[in-house]
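S.K.: Below is the file structure.pdb, which contains PDB, C-alpha atoms.
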```pdb
MODEL        1
ATOM      1  CA  SER A   1       0.000   0.000   0.000  1.00  0.00           C
ATOM      2  CA  THR A   2       2.948   2.347   0.690  1.00  0.00           C
ATOM      3  CA  PHE A   3       4.413   1.556  -2.748  1.00  0.00           C
ATOM      4  CA  TYR A   4       1.183   2.573  -4.487  1.00  0.00           C
ATOM      5  CA  GLY A   5       0.503   5.497  -2.164  1.00  0.00           C
ATOM      6  CA  ALA A   6      -2.754   3.948  -0.932  1.00  0.00           C
ATOM      7  CA  LYS A   7      -2.533   5.355   2.579  1.00  0.00           C
ATOM      8  CA  HIS A   8      -6.188   4.628   3.333  1.00  0.00           C
ATOM      9  CA  ILE A   9      -5.563   0.918   2.728  1.00  0.00           C
ATOM     10  CA  GLU A  10      -2.492   0.968   4.972  1.00  0.00           C
ATOM     11  CA  LYS A  11      -4.524   2.680   7.712  1.00  0.00           C
ATOM     12  CA  ALA A  12      -7.342   0.145   7.374  1.00  0.00           C
ATOM     13  CA  CYS A  13      -4.908  -2.790   7.572  1.00  0.00           C
ATOM     14  CA  LEU A  14      -3.261  -1.372  10.708  1.00  0.00           C
ATOM     15  CA  ALA A  15      -6.677  -0.889  12.310  1.00  0.00           C
ATOM     16  CA  TRP A  16      -7.585  -4.515  11.524  1.00  0.00           C
ATOM     17  CA  LEU A  17      -4.320  -5.788  12.989  1.00  0.00           C
ATOM     18  CA  LYS A  18      -4.785  -3.793  16.193  1.00  0.00           C
ATOM     19  CA  VAL A  19      -8.160  -5.460  16.702  1.00  0.00           C
ATOM     20  CA  ASN A  20      -7.110  -8.976  15.688  1.00  0.00           C
ATOM     21  CA  LEU A  21      -3.440  -9.336  16.654  1.00  0.00           C
ATOM     22  CA  LEU A  22      -4.096 -11.081  19.965  1.00  0.00           C
ATOM     23  CA  SER A  23      -7.482 -12.623  19.270  1.00  0.00           C
ATOM     24  CA  HIS A  24      -7.044 -13.945  15.713  1.00  0.00           C
ATOM     25  CA  LEU A  25      -3.406 -14.114  14.579  1.00  0.00           C
ATOM     26  CA  PRO A  26      -2.268 -16.740  17.163  1.00  0.00           C
ATOM     27  CA  GLU A  27      -4.705 -19.126  15.485  1.00  0.00           C
ATOM     28  CA  HIS A  28      -2.797 -18.663  12.219  1.00  0.00           C
ATOM     29  CA  PRO A  29       0.927 -19.101  12.989  1.00  0.00           C
ATOM     30  CA  HIS A  30       1.973 -18.839   9.319  1.00  0.00           C
ATOM     31  CA  HIS A  31       0.558 -15.301   9.221  1.00  0.00           C
ATOM     32  CA  LEU A  32       1.849 -14.293  12.654  1.00  0.00           C
ATOM     33  CA  ARG A  33       5.461 -15.096  11.727  1.00  0.00           C
ATOM     34  CA  GLU A  34       5.167 -12.806   8.686  1.00  0.00           C
ATOM     35  CA  ILE A  35       4.813  -9.685  10.849  1.00  0.00           C
ATOM     36  CA  SER A  36       8.050  -7.660  10.730  1.00  0.00           C
ATOM     37  CA  THR A  37       9.782  -6.272  13.798  1.00  0.00           C
ATOM     38  CA  ALA A  38       8.929  -2.686  12.785  1.00  0.00           C
ATOM     39  CA  LEU A  39       5.244  -3.496  12.324  1.00  0.00           C
ATOM     40  CA  MET A  40       5.086  -5.491  15.569  1.00  0.00           C
ATOM     41  CA  ALA A  41       6.650  -2.609  17.504  1.00  0.00           C
ATOM     42  CA  THR A  42       4.061  -0.233  16.042  1.00  0.00           C
ATOM     43  CA  LEU A  43       1.176  -2.536  16.922  1.00  0.00           C
ATOM     44  CA  ILE A  44       2.037  -3.369  20.519  1.00  0.00           C
ATOM     45  CA  SER A  45       2.886   0.232  21.402  1.00  0.00           C
ATOM     46  CA  SER A  46      -0.476   1.498  20.170  1.00  0.00           C
ATOM     47  CA  PRO A  47      -3.061   2.527  22.792  1.00  0.00           C
ATOM     48  CA  ASP A  48      -5.674   1.205  20.350  1.00  0.00           C
ATOM     49  CA  LEU A  49      -4.367  -2.374  20.480  1.00  0.00           C
ATOM     50  CA  PHE A  50      -7.099  -4.793  21.576  1.00  0.00           C
ATOM     51  CA  VAL A  51      -5.365  -6.615  24.437  1.00  0.00           C
ATOM     52  CA  MET A  52      -7.281  -9.756  25.287  1.00  0.00           C
ATOM     53  CA  GLN A  53      -7.126 -10.527  29.044  1.00  0.00           C
ATOM     54  CA  THR A  54      -4.165  -8.470  30.326  1.00  0.00           C
ATOM     55  CA  GLU A  55      -0.890  -6.873  29.240  1.00  0.00           C
ATOM     56  CA  PHE A  56       0.902 -10.142  30.006  1.00  0.00           C
ATOM     57  CA  SER A  57      -0.894 -11.585  26.985  1.00  0.00           C
ATOM     58  CA  VAL A  58       1.211  -9.258  24.827  1.00  0.00           C
ATOM     59  CA  TYR A  59       4.397 -10.767  26.248  1.00  0.00           C
ATOM     60  CA  VAL A  60       3.098 -14.292  25.565  1.00  0.00           C
ATOM     61  CA  LEU A  61       2.251 -13.269  22.001  1.00  0.00           C
ATOM     62  CA  LEU A  62       5.758 -11.891  21.436  1.00  0.00           C
ATOM     63  CA  ARG A  63       7.281 -15.089  22.775  1.00  0.00           C
ATOM     64  CA  LEU A  64       5.132 -17.090  20.337  1.00  0.00           C
ATOM     65  CA  TRP A  65       6.091 -14.735  17.495  1.00  0.00           C
ATOM     66  CA  LEU A  66       9.788 -15.219  18.317  1.00  0.00           C
ATOM     67  CA  PHE A  67       9.426 -18.998  18.306  1.00  0.00           C
ATOM     68  CA  LEU A  68       7.703 -18.952  14.922  1.00  0.00           C
ATOM     69  CA  THR A  69      10.323 -16.588  13.536  1.00  0.00           C
ATOM     70  CA  PHE A  70      13.148 -18.912  14.572  1.00  0.00           C
ATOM     71  CA  HIS A  71      11.283 -22.017  13.368  1.00  0.00           C
ATOM     72  CA  GLN A  72      10.202 -21.050   9.862  1.00  0.00           C
ATOM     73  CA  THR A  73       9.269 -24.601   8.891  1.00  0.00           C
ATOM     74  CA  TRP A  74       7.212 -25.335  12.000  1.00  0.00           C
ATOM     75  CA  ASP A  75       3.595 -26.039  11.095  1.00  0.00           C
ATOM     76  CA  GLY A  76       1.117 -27.516  13.491  1.00  0.00           C
ATOM     77  CA  ASN A  77      -1.785 -26.921  15.848  1.00  0.00           C
ATOM     78  CA  PRO A  78      -1.923 -23.291  17.053  1.00  0.00           C
ATOM     79  CA  GLN A  79      -2.303 -24.393  20.670  1.00  0.00           C
ATOM     80  CA  ASP A  80       0.784 -26.555  20.313  1.00  0.00           C
ATOM     81  CA  ALA A  81       2.687 -23.508  19.058  1.00  0.00           C
ATOM     82  CA  VAL A  82       2.018 -21.648  22.315  1.00  0.00           C
ATOM     83  CA  LEU A  83       3.207 -24.629  24.357  1.00  0.00           C
ATOM     84  CA  MET A  84       6.234 -25.119  22.120  1.00  0.00           C
ATOM     85  CA  SER A  85       7.234 -21.466  22.428  1.00  0.00           C
ATOM     86  CA  HIS A  86       7.108 -21.759  26.213  1.00  0.00           C
ATOM     87  CA  LYS A  87       9.135 -24.973  26.179  1.00  0.00           C
ATOM     88  CA  PHE A  88      11.671 -23.573  23.719  1.00  0.00           C
ATOM     89  CA  PHE A  89      12.663 -20.666  25.955  1.00  0.00           C
ATOM     90  CA  GLN A  90      12.445 -22.714  29.138  1.00  0.00           C
ATOM     91  CA  ASP A  91      14.847 -25.279  27.651  1.00  0.00           C
ATOM     92  CA  ARG A  92      17.111 -22.553  26.300  1.00  0.00           C
ATOM     93  CA  ALA A  93      17.345 -20.949  29.749  1.00  0.00           C
ATOM     94  CA  LYS A  94      18.704 -24.197  31.214  1.00  0.00           C
ATOM     95  CA  SER A  95      21.760 -24.151  28.969  1.00  0.00           C
ATOM     96  CA  LYS A  96      22.295 -20.455  28.191  1.00  0.00           C
ATOM     97  CA  LYS A  97      23.525 -17.943  30.752  1.00  0.00           C
ATOM     98  CA  LYS A  98      22.684 -14.816  28.788  1.00  0.00           C
ATOM     99  CA  PHE A  99      19.190 -13.407  28.578  1.00  0.00           C
ATOM    100  CA  PHE A 100      17.846 -13.824  25.050  1.00  0.00           C
ATOM    101  CA  LEU A 101      17.700 -10.102  24.267  1.00  0.00           C
ATOM    102  CA  GLU A 102      21.358  -9.752  25.276  1.00  0.00           C
ATOM    103  CA  THR A 103      22.489 -12.341  22.723  1.00  0.00           C
ATOM    104  CA  PRO A 104      23.506 -11.524  19.115  1.00  0.00           C
ATOM    105  CA  GLU A 105      20.400 -13.265  17.753  1.00  0.00           C
ATOM    106  CA  GLY A 106      18.177 -11.304  20.109  1.00  0.00           C
ATOM    107  CA  GLN A 107      19.520  -7.833  19.351  1.00  0.00           C
ATOM    108  CA  SER A 108      17.208  -7.182  16.414  1.00  0.00           C
ATOM    109  CA  TYR A 109      14.169  -7.769  18.655  1.00  0.00           C
ATOM    110  CA  VAL A 110      15.139  -5.367  21.428  1.00  0.00           C
ATOM    111  CA  THR A 111      13.150  -2.475  19.945  1.00  0.00           C
ATOM    112  CA  VAL A 112       9.992  -4.597  19.925  1.00  0.00           C
ATOM    113  CA  PHE A 113      10.277  -5.795  23.524  1.00  0.00           C
ATOM    114  CA  LYS A 114      11.107  -2.251  24.662  1.00  0.00           C
ATOM    115  CA  LYS A 115       7.528  -1.390  23.730  1.00  0.00           C
ATOM    116  CA  LEU A 116       6.134  -3.724  26.404  1.00  0.00           C
ATOM    117  CA  ARG A 117       4.526  -2.004  29.396  1.00  0.00           C
ATOM    118  CA  LEU A 118       6.853  -3.725  31.831  1.00  0.00           C
ATOM    119  CA  ASN A 119       5.228  -2.451  35.028  1.00  0.00           C
ATOM    120  CA  HIS A 120       2.018  -4.261  34.068  1.00  0.00           C
ATOM    121  CA  LEU A 121       3.816  -7.598  33.609  1.00  0.00           C
ATOM    122  CA  VAL A 122       4.766  -8.044  37.274  1.00  0.00           C
ATOM    123  CA  ASN A 123       1.381  -7.990  38.993  1.00  0.00           C
ATOM    124  CA  HIS A 124       0.860 -11.748  39.420  1.00  0.00           C
ATOM    125  CA  HIS A 125       3.211 -14.302  40.936  1.00  0.00           C
ATOM    126  CA  MET A 126       2.688 -16.839  38.126  1.00  0.00           C
ATOM    127  CA  ASP A 127       3.473 -14.206  35.499  1.00  0.00           C
ATOM    128  CA  MET A 128       6.576 -13.220  37.430  1.00  0.00           C
ATOM    129  CA  GLU A 129       7.738 -16.832  37.601  1.00  0.00           C
ATOM    130  CA  MET A 130       7.350 -17.211  33.846  1.00  0.00           C
ATOM    131  CA  LEU A 131       9.241 -13.987  33.122  1.00  0.00           C
ATOM    132  CA  LEU A 132      12.134 -15.067  35.329  1.00  0.00           C
ATOM    133  CA  THR A 133      12.413 -18.601  33.965  1.00  0.00           C
ATOM    134  CA  ASP A 134      12.013 -17.649  30.274  1.00  0.00           C
ATOM    135  CA  ARG A 135      15.089 -15.416  30.561  1.00  0.00           C
ATOM    136  CA  ILE A 136      14.062 -13.318  27.575  1.00  0.00           C
ATOM    137  CA  LEU A 137      13.925  -9.891  29.248  1.00  0.00           C
ATOM    138  CA  PRO A 138      17.293  -8.826  30.702  1.00  0.00           C
ATOM    139  CA  ARG A 139      17.570  -8.453  34.458  1.00  0.00           C
ATOM    140  CA  LYS A 140      18.790  -4.866  34.060  1.00  0.00           C
ATOM    141  CA  TRP A 141      15.507  -4.008  32.337  1.00  0.00           C
ATOM    142  CA  MET A 142      13.442  -5.395  35.184  1.00  0.00           C
ATOM    143  CA  TYR A 143      15.252  -4.155  38.294  1.00  0.00           C
ATOM    144  CA  PRO A 144      14.054  -0.531  37.877  1.00  0.00           C
ATOM    145  CA  VAL A 145      10.509  -1.884  37.383  1.00  0.00           C
ATOM    146  CA  TYR A 146      10.666  -3.933  40.593  1.00  0.00           C
ATOM    147  CA  GLN A 147      12.047  -0.962  42.527  1.00  0.00           C
ATOM    148  CA  ASN A 148       9.404   1.433  41.215  1.00  0.00           C
ATOM    149  CA  GLN A 149       6.540  -0.977  41.904  1.00  0.00           C
ATOM    150  CA  TRP A 150       7.778  -1.689  45.438  1.00  0.00           C
ATOM    151  CA  GLN A 151       8.159   2.011  46.218  1.00  0.00           C
ATOM    152  CA  LEU A 152       4.689   2.667  44.829  1.00  0.00           C
ATOM    153  CA  LEU A 153       3.247  -0.138  46.944  1.00  0.00           C
ATOM    154  CA  LEU A 154       4.882   1.296  50.084  1.00  0.00           C
ATOM    155  CA  ARG A 155       3.649   4.817  49.342  1.00  0.00           C
ATOM    156  CA  THR A 156       0.135   3.537  48.680  1.00  0.00           C
ATOM    157  CA  ASP A 157       0.107   1.395  51.827  1.00  0.00           C
ATOM    158  CA  GLN A 158       1.144   4.421  53.907  1.00  0.00           C
ATOM    159  CA  GLY A 159      -1.515   6.635  52.345  1.00  0.00           C
ATOM    160  CA  ILE A 160       0.995   8.955  50.661  1.00  0.00           C
ATOM    161  CA  ASP A 161       0.369   8.156  47.011  1.00  0.00           C
ATOM    162  CA  ARG A 162      -2.859   9.478  45.513  1.00  0.00           C
ATOM    163  CA  GLY A 163      -2.325   8.206  42.000  1.00  0.00           C
ATOM    164  CA  PRO A 164      -1.458  10.183  38.850  1.00  0.00           C
ATOM    165  CA  GLN A 165      -2.691  13.762  38.668  1.00  0.00           C
ATOM    166  CA  ASN A 166      -3.564  15.749  35.543  1.00  0.00           C
ATOM    167  CA  PHE A 167      -2.462  13.100  33.059  1.00  0.00           C
ATOM    168  CA  ALA A 168      -2.274  14.338  29.491  1.00  0.00           C
ATOM    169  CA  THR A 169      -3.953  12.034  26.970  1.00  0.00           C
ATOM    170  CA  GLU A 170      -0.658  11.265  25.236  1.00  0.00           C
ATOM    171  CA  GLU A 171       1.014  10.319  28.517  1.00  0.00           C
ATOM    172  CA  PHE A 172      -1.939   8.185  29.610  1.00  0.00           C
ATOM    173  CA  ASP A 173      -1.941   6.331  26.286  1.00  0.00           C
ATOM    174  CA  LYS A 174       1.682   5.292  26.815  1.00  0.00           C
ATOM    175  CA  VAL A 175       1.288   3.795  30.295  1.00  0.00           C
ATOM    176  CA  CYS A 176      -2.348   2.730  30.714  1.00  0.00           C
ATOM    177  CA  LEU A 177      -3.310  -0.864  31.469  1.00  0.00           C
ATOM    178  CA  ARG A 178      -5.045  -2.383  28.442  1.00  0.00           C
ATOM    179  CA  CYS A 179      -7.342  -5.305  29.172  1.00  0.00           C
ATOM    180  CA  GLY A 180     -10.226  -6.734  27.190  1.00  0.00           C
ATOM    181  CA  ARG A 181     -12.613  -9.624  26.747  1.00  0.00           C
ATOM    182  CA  THR A 182     -14.250 -11.211  23.738  1.00  0.00           C
ATOM    183  CA  LEU A 183     -18.050 -11.354  24.009  1.00  0.00           C
ATOM    184  CA  ASN A 184     -19.192 -14.161  21.745  1.00  0.00           C
ATOM    185  CA  ASN A 185     -22.948 -14.050  22.325  1.00  0.00           C
ATOM    186  CA  SER A 186     -24.601 -10.822  21.219  1.00  0.00           C
ATOM    187  CA  GLY A 187     -27.768  -9.692  22.920  1.00  0.00           C
ATOM    188  CA  GLN A 188     -26.883 -11.388  26.217  1.00  0.00           C
ATOM    189  CA  GLN A 189     -25.758  -9.823  29.450  1.00  0.00           C
ATOM    190  CA  HIS A 190     -22.110 -10.397  30.322  1.00  0.00           C
ATOM    191  CA  MET A 191     -20.430  -9.734  33.631  1.00  0.00           C
ATOM    192  CA  TRP A 192     -16.816 -10.300  34.603  1.00  0.00           C
ATOM    193  CA  ARG A 193     -14.493  -9.255  37.373  1.00  0.00           C
ATOM    194  CA  TRP A 194     -10.965  -7.904  37.027  1.00  0.00           C
ATOM    195  CA  THR A 195      -8.877  -8.794  40.075  1.00  0.00           C
ATOM    196  CA  GLY A 196      -5.258  -8.382  41.046  1.00  0.00           C
ATOM    197  CA  PHE A 197      -5.236  -4.601  41.340  1.00  0.00           C
ATOM    198  CA  ASN A 198      -2.960  -4.314  44.367  1.00  0.00           C
ATOM    199  CA  MET A 199      -3.432  -0.570  44.503  1.00  0.00           C
ATOM    200  CA  GLY A 200      -7.182  -0.366  43.987  1.00  0.00           C
ATOM    201  CA  LEU A 201     -10.513  -2.129  44.163  1.00  0.00           C
ATOM    202  CA  ASP A 202     -11.522  -5.101  42.036  1.00  0.00           C
ATOM    203  CA  LEU A 203     -13.285  -3.964  38.885  1.00  0.00           C
ATOM    204  CA  ILE A 204     -16.669  -5.481  38.006  1.00  0.00           C
ATOM    205  CA  VAL A 205     -17.714  -4.895  34.411  1.00  0.00           C
ATOM    206  CA  THR A 206     -21.209  -5.420  33.019  1.00  0.00           C
ATOM    207  CA  TYR A 207     -22.170  -5.381  29.354  1.00  0.00           C
ATOM    208  CA  ASP A 208     -25.891  -5.393  28.643  1.00  0.00           C
ATOM    209  CA  ASN A 209     -27.685  -4.396  25.404  1.00  0.00           C
ATOM    210  CA  GLY A 210     -24.806  -2.294  24.184  1.00  0.00           C
ATOM    211  CA  ASN A 211     -24.233  -0.550  27.497  1.00  0.00           C
ATOM    212  CA  LEU A 212     -20.936  -0.963  29.355  1.00  0.00           C
ATOM    213  CA  SER A 213     -20.795  -0.158  33.048  1.00  0.00           C
TER     214      SER A 213
ENDMDL
END
```
Would it be possible to restate this file's structure as structure tokens?
M.R.:
Amino acid sequence: STFYGAKHIEKACLAWLKVNLLSHLPEHPHHLREISTALMATLISSPDLFVMQTEFSVYVLLRLWLFLTFHQTWDGNPQDAVLMSHKFFQDRAKSKKKFFLETPEGQSYVTVFKKLRLNHLVNHHMDMEMLLTDRILPRKWMYPVYQNQWQLLLRTDQGIDRGPQNFATEEFDKVCLRCGRTLNNSGQQHMWRWTGFNMGLDLIVTYDNGNLS
């Protein structure tokens, strides 16, 4: 579309990918592996990306994308691909001392993983365990995140922190927690509960006849 100057087509394709990257592309590994590093960085940094479940889902998607990129001939069940990507990095971590993104083969993917919202990846102990044992993200990336989150937790616990004040839209878009659900049955009431907010109340969401509350 860029070659032919059809910017409206390029915009429409990007919009489709932002909606379907996490909900549709994992079911089609041969298409997921075709996404370039530049395009992937653009997609996952966008505030308009439809993140299914939580931000940790974006990390899992990138891990799957890496596995498919390094295994161009792999072709199988999409669910097996997710399991294989997990096993691949777990096995690699047992024999390799360096974090993946600090290796020569990982350098070209640094810009993509830098777009992850790291502070939202460390809110659940099972997610934390996976991050540590995958050894993809360098320790030096994560230490400032741990320190900031711990300081924030202490300030909140002591009643000092009152949350962000006067956030500009651009700033909010860069740091906000993106979380979504797929509602398969139209016309029915849906209710779900977001938990794990250590610095706030659980969030109960209701969708009924087009109204979200």
S.K.: For Val112 in chain A, please output as an MDAnalysis selection string all residues within 9 Å (counting all atoms listed in the file; exclusion window: fewer than 6 positions along the same chain).
M.R.: chainID A and resid 37:38 40:42 44:45 62
S.K.: Between A:Thr133, A:Asn123, A:Thr54, A:Thr111, which is the closest to Ser95 in chain A once you count only C-alpha atoms?
M.R.: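 Of A:Thr133, A:Asn123, A:Thr54, A:Thr111, the one nearest Ser95 in chain A, counting only C-alpha atoms, is A:Thr133.
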S.K.: Tell me which protein, DNA and RNA residues are within 8 Å of Leu101 in chain A, counting only C-alpha atoms, leaving out same-chain ones fewer than 4 positions away, and put them as a PDB file with C-alpha atoms, in the coordinates of the input.
M.R.:
```pdb
ATOM      1  CA  GLU A 105      20.400 -13.265  17.753  1.00  0.00           C
ATOM      2  CA  GLY A 106      18.177 -11.304  20.109  1.00  0.00           C
ATOM      3  CA  GLN A 107      19.520  -7.833  19.351  1.00  0.00           C
ATOM      4  CA  TYR A 109      14.169  -7.769  18.655  1.00  0.00           C
ATOM      5  CA  VAL A 110      15.139  -5.367  21.428  1.00  0.00           C
ATOM      6  CA  ILE A 136      14.062 -13.318  27.575  1.00  0.00           C
ATOM      7  CA  LEU A 137      13.925  -9.891  29.248  1.00  0.00           C
ATOM      8  CA  PRO A 138      17.293  -8.826  30.702  1.00  0.00           C
TER       9      PRO A 138
END
```
S.K.: Quick check, in Å to one decimal: how far apart do CA of Leu17 in chain A and CA of Ile204 in chain A lie?
M.R.: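 Here the two named atoms are 27.9 Å from each other.
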S.K.: In Å, rounded to a single decimal, give me how far CA of Arg63 in chain A is from CA of Met126 in chain A.
M.R.: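 CA of Arg63 in chain A lies 16.1 Å from CA of Met126 in chain A.
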S.K.: Please fill the gaps in range 91-104 of chain A so it has N, CA and C atoms, and write that as a PDB file, in the frame of the given file.
M.R.:
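The resulting result_12.pdb:
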```
ATOM      1  N   ASP A  91      13.705 -24.395  27.902  1.00  0.00           N
ATOM      2  CA  ASP A  91      14.847 -25.279  27.651  1.00  0.00           C
ATOM      3  C   ASP A  91      16.109 -24.472  27.357  1.00  0.00           C
ATOM      4  N   ARG A  92      15.959 -23.389  26.607  1.00  0.00           N
ATOM      5  CA  ARG A  92      17.111 -22.553  26.300  1.00  0.00           C
ATOM      6  C   ARG A  92      17.717 -21.980  27.576  1.00  0.00           C
ATOM      7  N   ALA A  93      16.869 -21.570  28.512  1.00  0.00           N
ATOM      8  CA  ALA A  93      17.345 -20.949  29.749  1.00  0.00           C
ATOM      9  C   ALA A  93      18.176 -21.911  30.599  1.00  0.00           C
ATOM     10  N   LYS A  94      17.958 -23.209  30.424  1.00  0.00           N
ATOM     11  CA  LYS A  94      18.704 -24.197  31.214  1.00  0.00           C
ATOM     12  C   LYS A  94      20.151 -24.313  30.763  1.00  0.00           C
ATOM     13  N   SER A  95      20.413 -23.968  29.506  1.00  0.00           N
ATOM     14  CA  SER A  95      21.760 -24.151  28.969  1.00  0.00           C
ATOM     15  C   SER A  95      22.460 -22.844  28.601  1.00  0.00           C
ATOM     16  N   LYS A  96      21.712 -21.746  28.578  1.00  0.00           N
ATOM     17  CA  LYS A  96      22.295 -20.455  28.191  1.00  0.00           C
ATOM     18  C   LYS A  96      22.289 -19.506  29.384  1.00  0.00           C
ATOM     19  N   LYS A  97      23.433 -18.875  29.635  1.00  0.00           N
ATOM     20  CA  LYS A  97      23.525 -17.943  30.752  1.00  0.00           C
ATOM     21  C   LYS A  97      22.958 -16.572  30.414  1.00  0.00           C
ATOM     22  N   LYS A  98      23.121 -16.140  29.181  1.00  0.00           N
ATOM     23  CA  LYS A  98      22.684 -14.816  28.788  1.00  0.00           C
ATOM     24  C   LYS A  98      21.175 -14.766  28.564  1.00  0.00           C
ATOM     25  N   PHE A  99      20.591 -13.635  28.921  1.00  0.00           N
ATOM     26  CA  PHE A  99      19.190 -13.407  28.578  1.00  0.00           C
ATOM     27  C   PHE A  99      19.085 -13.275  27.063  1.00  0.00           C
ATOM     28  N   PHE A 100      17.974 -13.749  26.506  1.00  0.00           N
ATOM     29  CA  PHE A 100      17.846 -13.824  25.050  1.00  0.00           C
ATOM     30  C   PHE A 100      18.105 -12.483  24.379  1.00  0.00           C
ATOM     31  N   LEU A 101      17.562 -11.402  24.909  1.00  0.00           N
ATOM     32  CA  LEU A 101      17.700 -10.102  24.267  1.00  0.00           C
ATOM     33  C   LEU A 101      19.095  -9.510  24.406  1.00  0.00           C
ATOM     34  N   GLU A 102      19.965 -10.182  25.161  1.00  0.00           N
ATOM     35  CA  GLU A 102      21.358  -9.752  25.276  1.00  0.00           C
ATOM     36  C   GLU A 102      22.281 -10.584  24.383  1.00  0.00           C
ATOM     37  N   THR A 103      21.711 -11.514  23.636  1.00  0.00           N
ATOM     38  CA  THR A 103      22.489 -12.341  22.723  1.00  0.00           C
ATOM     39  C   THR A 103      22.499 -11.708  21.335  1.00  0.00           C
ATOM     40  N   PRO A 104      23.467 -12.081  20.484  1.00  0.00           N
ATOM     41  CA  PRO A 104      23.506 -11.524  19.115  1.00  0.00           C
ATOM     42  C   PRO A 104      22.209 -11.772  18.344  1.00  0.00           C
TER      43      PRO A 104
END
```
